[in-house]
Amino acid sequence: MPSPPAVIGVDSSTQSAKAAVVDAASGRILGMGRAAHTVCGEAGARESDPEQWWRALTEAVAGALEGLDARAVTGIAVAGQQHGLVVLDASGHPRRPALLWNDTRSAPQAAALTEKLGADGWLARTGSVPVASMTAAKWQWLREHEPRTAEAAAAVRLPHDFLTERLGGTAATDPGDASGTCWYNTATGAYDPGLLDLLGLDPALLPAVAPTGATRVGSLTATAAERLGLPEGIAVAAGTGDNMAAAVGLGLGGRGLLDHPVVSLGTSGTVFAATRTRPATAALAGFAATDGTHLPLGCTLNCTLAVDKVAALLGLDREDAVPGGEAVLLPYLDGERTPDLPGASGLLTGLRHATTRQQLLGAAYEGAVFTVLRALDELPRTGEDVALRLIGGGARGRTWVETVRRLSGRPVVLPRTAELVAVGAAALAAGAVTGEDPVAVATAWGGGEGRTLPPVERDRAAWDRIAAALPALGSLGSR
């Protein structure tokens with residue numbers, strides 16, 4: 001008997017590639033594969049070789065297909081880390097390592113771009129104010145520091161665009177990931193000619209923007225099919241950014257949940273919600289969602305990796321933590337994006353003779369969670385009684401979950417589906433095959449369902465103590 005139809009969703013993140021083979025009817029994960037990425041750089045630099053992403057994708061897909069019938073796969077989609085700048089030559093090969101989202105060297109360029117149009121000017125066009133993370137700032141950094149590379153560029157891509165092109169041979173992106181570049185206009189739904197002129201960026205270097213991440217933009221090429229062990233000609237979806245795919249996996253969007261906030265605890269910490277309200281506040285990135293709605297998002301650079309580093313420095317297991325007491329630890333080890341402090345370092349204050357190592361680690365958790373949760377108040381139409389959906393690696397950690405509950409005072413939903421980015425990408429692949437709305441597909445799969453934890457009393461004292469420490473880093477305090 002032939003196997004039932006399946007689709008593949010790929011999560012190409014900062015640290016690794018993960019591939020999920022998903023039953024197209026039920027959403028059940030049939031197989032998972034993983035392969036690591038390497039990130040290089042110091043003093044603010046964060047770079048990766050895009051060819052490594054492609055090798056990792058092929059390894060992850062091979063691992064996911066082990067023991068399964070590859071002939072059942074009908075479509076594939078990639079969700080990738082946002083903002084990364086990939087510069088290609090005429091043959092489609094990288095001219096240099098990609099500048100990643102957490103590369104903070106472009107902070108001066110972001111500030112200069114902001115000054116040229118003013119915050120309101122950028123918000124009116126892109127929904128976002130340039131920060132070091134945004135691709136436009138990285139392109140400006142490249143023009144200033146490596147002008148020959150910029151001038152010789154035959155193509156400019158985002159990480160997921162690069163991989164999608166390798167799969168289907170088509171240069172395509174989607175509104176969601178494109179909205180993180182600061183050269184895509186979220187009001188018009190297209191690249192902004194004025195911004196491209198400002199950036200000295202030829203629009204011919206950019207991929208076409210598909211209507212949604214579930215749009216079929218190509219068919220798996222013979223070369224890619226041979227590398228992946230998949231049937232030639234299966235559907236290749238436009239794909240999207242990792243945050244947009246997580247939203248799809250949770251069933252957030254026009255055909256699912258609107259104005260339901262999500263907190264994601266991973267290498268970065270994010271808070272977002274799908275909404276029909278176009279955001280225009282400097283406190284958030286005003287992203288588009290991949291299904292035609294909006295995805296306002298607050299993002300921090302320092303989350304699980306920063307807290308793990310503090311645990312290692314203290315010689316503690318990551319779960320060996322208690323509330324911080326009087327201690328405040330802001331773990332801004334790589335600068336920070338929210339608040340916009342690219343040159344910041346970690347801050348520790350409030351030490352007493354009685355302060356323990358466990359309290360210091362707990363204070364690091366509190367500092368990281370506080371930083372993420374501050375953006376919640378900026379999300380439109382999400383009242384304080386609305387439950388938080390908690391996802392990412394931190395959602396599997398007891399201390400992370402309890403710290404979020406204590407500092408937010410909200411109910412917390414722990415979705416059953418762990419690999420939401422890969423599953424969201426799989427829903428995009430399913431949409432490319434059938435023409436169905438990907439959010440409706442994921443909702444039918446039940447991706448956003450899970451265990452609900454009741455609210456606990458909010459720790460206002462800890463919140464206020466951390467907020468009072470922020471001015472020492474030169475921020476604007478608690479917004």
# chains A, B, ... in the order shown; residues from 1 in each chain; ligands from 1
$ select_by_dssp --residues "region 210-424 of chain A" --states "helix (DSSP H, G or I)" --output "PyMOL selection string"
chain A and resi 222-228+242-249+304-314+357-378+393-396+398-408+420-424
$ atom_distance --atom1 "CA of Ala17 (chain A)" --atom2 "CA of Trp54 (chain A)"
9.0 Å
$ residues_around --residues "region 99-114 of chain A" --least-positions-apart "3" --cutoff "7 Å" --atoms "only C-alpha atoms" --output "CSV table (one decimal) with N, CA and C atoms, in the first residue's frame"
chain,number,residue,atom,x,y,z
A,44,GLY,N,31.3,41.6,18.4
A,44,GLY,CA,30.1,42.0,17.7
A,44,GLY,C,29.8,41.3,16.4
A,45,ALA,N,30.8,40.6,15.8
A,45,ALA,CA,30.6,39.9,14.5
A,45,ALA,C,30.0,38.6,14.7
A,46,ARG,N,29.0,38.2,13.9
A,46,ARG,CA,28.4,36.9,13.9
A,46,ARG,C,28.2,36.5,12.4
A,47,GLU,N,28.9,35.5,11.9
A,47,GLU,CA,28.8,35.1,10.5
A,47,GLU,C,28.7,33.6,10.4
A,82,GLN,N,15.9,35.1,10.5
A,82,GLN,CA,15.6,36.4,9.8
A,82,GLN,C,16.8,37.3,9.7
A,83,HIS,N,16.7,38.2,8.8
A,83,HIS,CA,17.6,39.4,8.6
A,83,HIS,C,18.9,39.1,8.0
A,84,GLY,N,19.4,37.9,8.0
A,84,GLY,CA,20.8,37.7,7.6
A,84,GLY,C,21.0,38.1,6.1
A,85,LEU,N,22.2,38.7,5.9
A,85,LEU,CA,22.5,39.2,4.6
A,85,LEU,C,23.4,38.2,3.8
A,117,LEU,N,15.7,59.5,7.7
A,117,LEU,CA,14.3,59.6,7.5
A,117,LEU,C,13.5,59.9,8.7
A,118,GLY,N,14.2,59.8,9.9
A,118,GLY,CA,13.5,59.9,11.2
A,118,GLY,C,12.7,58.7,11.5
A,119,ALA,N,12.5,58.4,12.8
A,119,ALA,CA,11.8,57.2,13.2
A,119,ALA,C,10.4,57.2,12.5
A,129,VAL,N,11.8,50.7,12.8
A,129,VAL,CA,12.9,51.6,12.8
A,129,VAL,C,14.2,50.8,12.7
A,130,PRO,N,15.1,51.2,11.8
A,130,PRO,CA,16.3,50.4,11.7
A,130,PRO,C,17.1,50.2,13.0
A,131,VAL,N,17.5,49.0,13.2
A,131,VAL,CA,18.5,48.6,14.3
A,131,VAL,C,19.5,47.7,13.6
A,132,ALA,N,20.5,47.4,14.4
A,132,ALA,CA,21.7,46.6,13.9
A,132,ALA,C,21.2,45.3,13.3
A,133,SER,N,20.1,44.7,13.8
A,133,SER,CA,19.7,43.4,13.3
A,133,SER,C,19.2,43.5,11.8
A,134,MET,N,18.6,44.6,11.4
A,134,MET,CA,17.9,44.7,10.1
A,134,MET,C,18.9,44.6,9.0
A,137,ALA,N,20.7,47.7,7.4
A,137,ALA,CA,21.9,48.2,8.1
A,137,ALA,C,23.1,47.3,7.8
A,138,LYS,N,22.9,46.0,7.6
A,138,LYS,CA,24.0,45.2,7.3
A,138,LYS,C,24.5,45.5,5.8
A,140,GLN,N,24.4,48.3,4.4
A,140,GLN,CA,25.1,49.6,4.5
A,140,GLN,C,26.5,49.3,5.1
A,141,TRP,N,26.6,48.5,6.1
A,141,TRP,CA,27.9,48.1,6.6
A,141,TRP,C,28.8,47.5,5.6
A,301,LEU,N,18.3,40.1,22.0
A,301,LEU,CA,19.4,39.3,21.6
A,301,LEU,C,19.8,38.2,22.6
A,342,PRO,N,23.2,48.3,21.3
A,342,PRO,CA,24.1,47.4,20.6
A,342,PRO,C,25.5,47.3,21.3
$ select_by_dssp --residues "region 141-186 of chain A" --states "strand (DSSP E)" --output "JSON, numbers by chain"
{"A": [155, 156, 157, 172, 173, 184, 185]}
$ write_last_selection --atoms "N, CA and C atoms" --output "mmCIF file, in the first residue's frame"
data_model
loop_
_atom_site.group_PDB
_atom_site.id
_atom_site.type_symbol
_atom_site.label_atom_id
_atom_site.label_comp_id
_atom_site.auth_asym_id
_atom_site.auth_seq_id
_atom_site.Cartn_x
_atom_site.Cartn_y
_atom_site.Cartn_z
ATOM 1 N N ALA A 155 23.450 39.009 -6.616
ATOM 2 C CA ALA A 155 22.157 38.743 -5.983
ATOM 3 C C ALA A 155 22.292 38.982 -4.489
ATOM 4 N N VAL A 156 21.203 39.433 -3.876
ATOM 5 C CA VAL A 156 21.139 39.632 -2.435
ATOM 6 C C VAL A 156 19.947 38.835 -1.912
ATOM 7 N N ARG A 157 20.193 38.007 -0.918
ATOM 8 C CA ARG A 157 19.167 37.120 -0.409
ATOM 9 C C ARG A 157 19.127 37.136 1.116
ATOM 10 N N ALA A 172 12.886 33.734 -4.909
ATOM 11 C CA ALA A 172 11.610 34.160 -4.344
ATOM 12 C C ALA A 172 11.727 34.313 -2.843
ATOM 13 N N THR A 173 10.927 35.218 -2.313
ATOM 14 C CA THR A 173 10.802 35.380 -0.878
ATOM 15 C C THR A 173 9.323 35.547 -0.564
ATOM 16 N N TYR A 184 11.440 46.722 2.455
ATOM 17 C CA TYR A 184 10.115 46.281 2.032
ATOM 18 C C TYR A 184 9.082 47.155 2.739
ATOM 19 N N ASN A 185 8.124 47.666 1.995
ATOM 20 C CA ASN A 185 7.114 48.571 2.531
ATOM 21 C C ASN A 185 5.884 47.759 2.938
#
$ closest_residue --among "A:Cys40, A:Ala153, A:Leu195, A:Ala387" --to "Asp259 (chain A)" --atoms "only C-alpha atoms"
A:Ala387
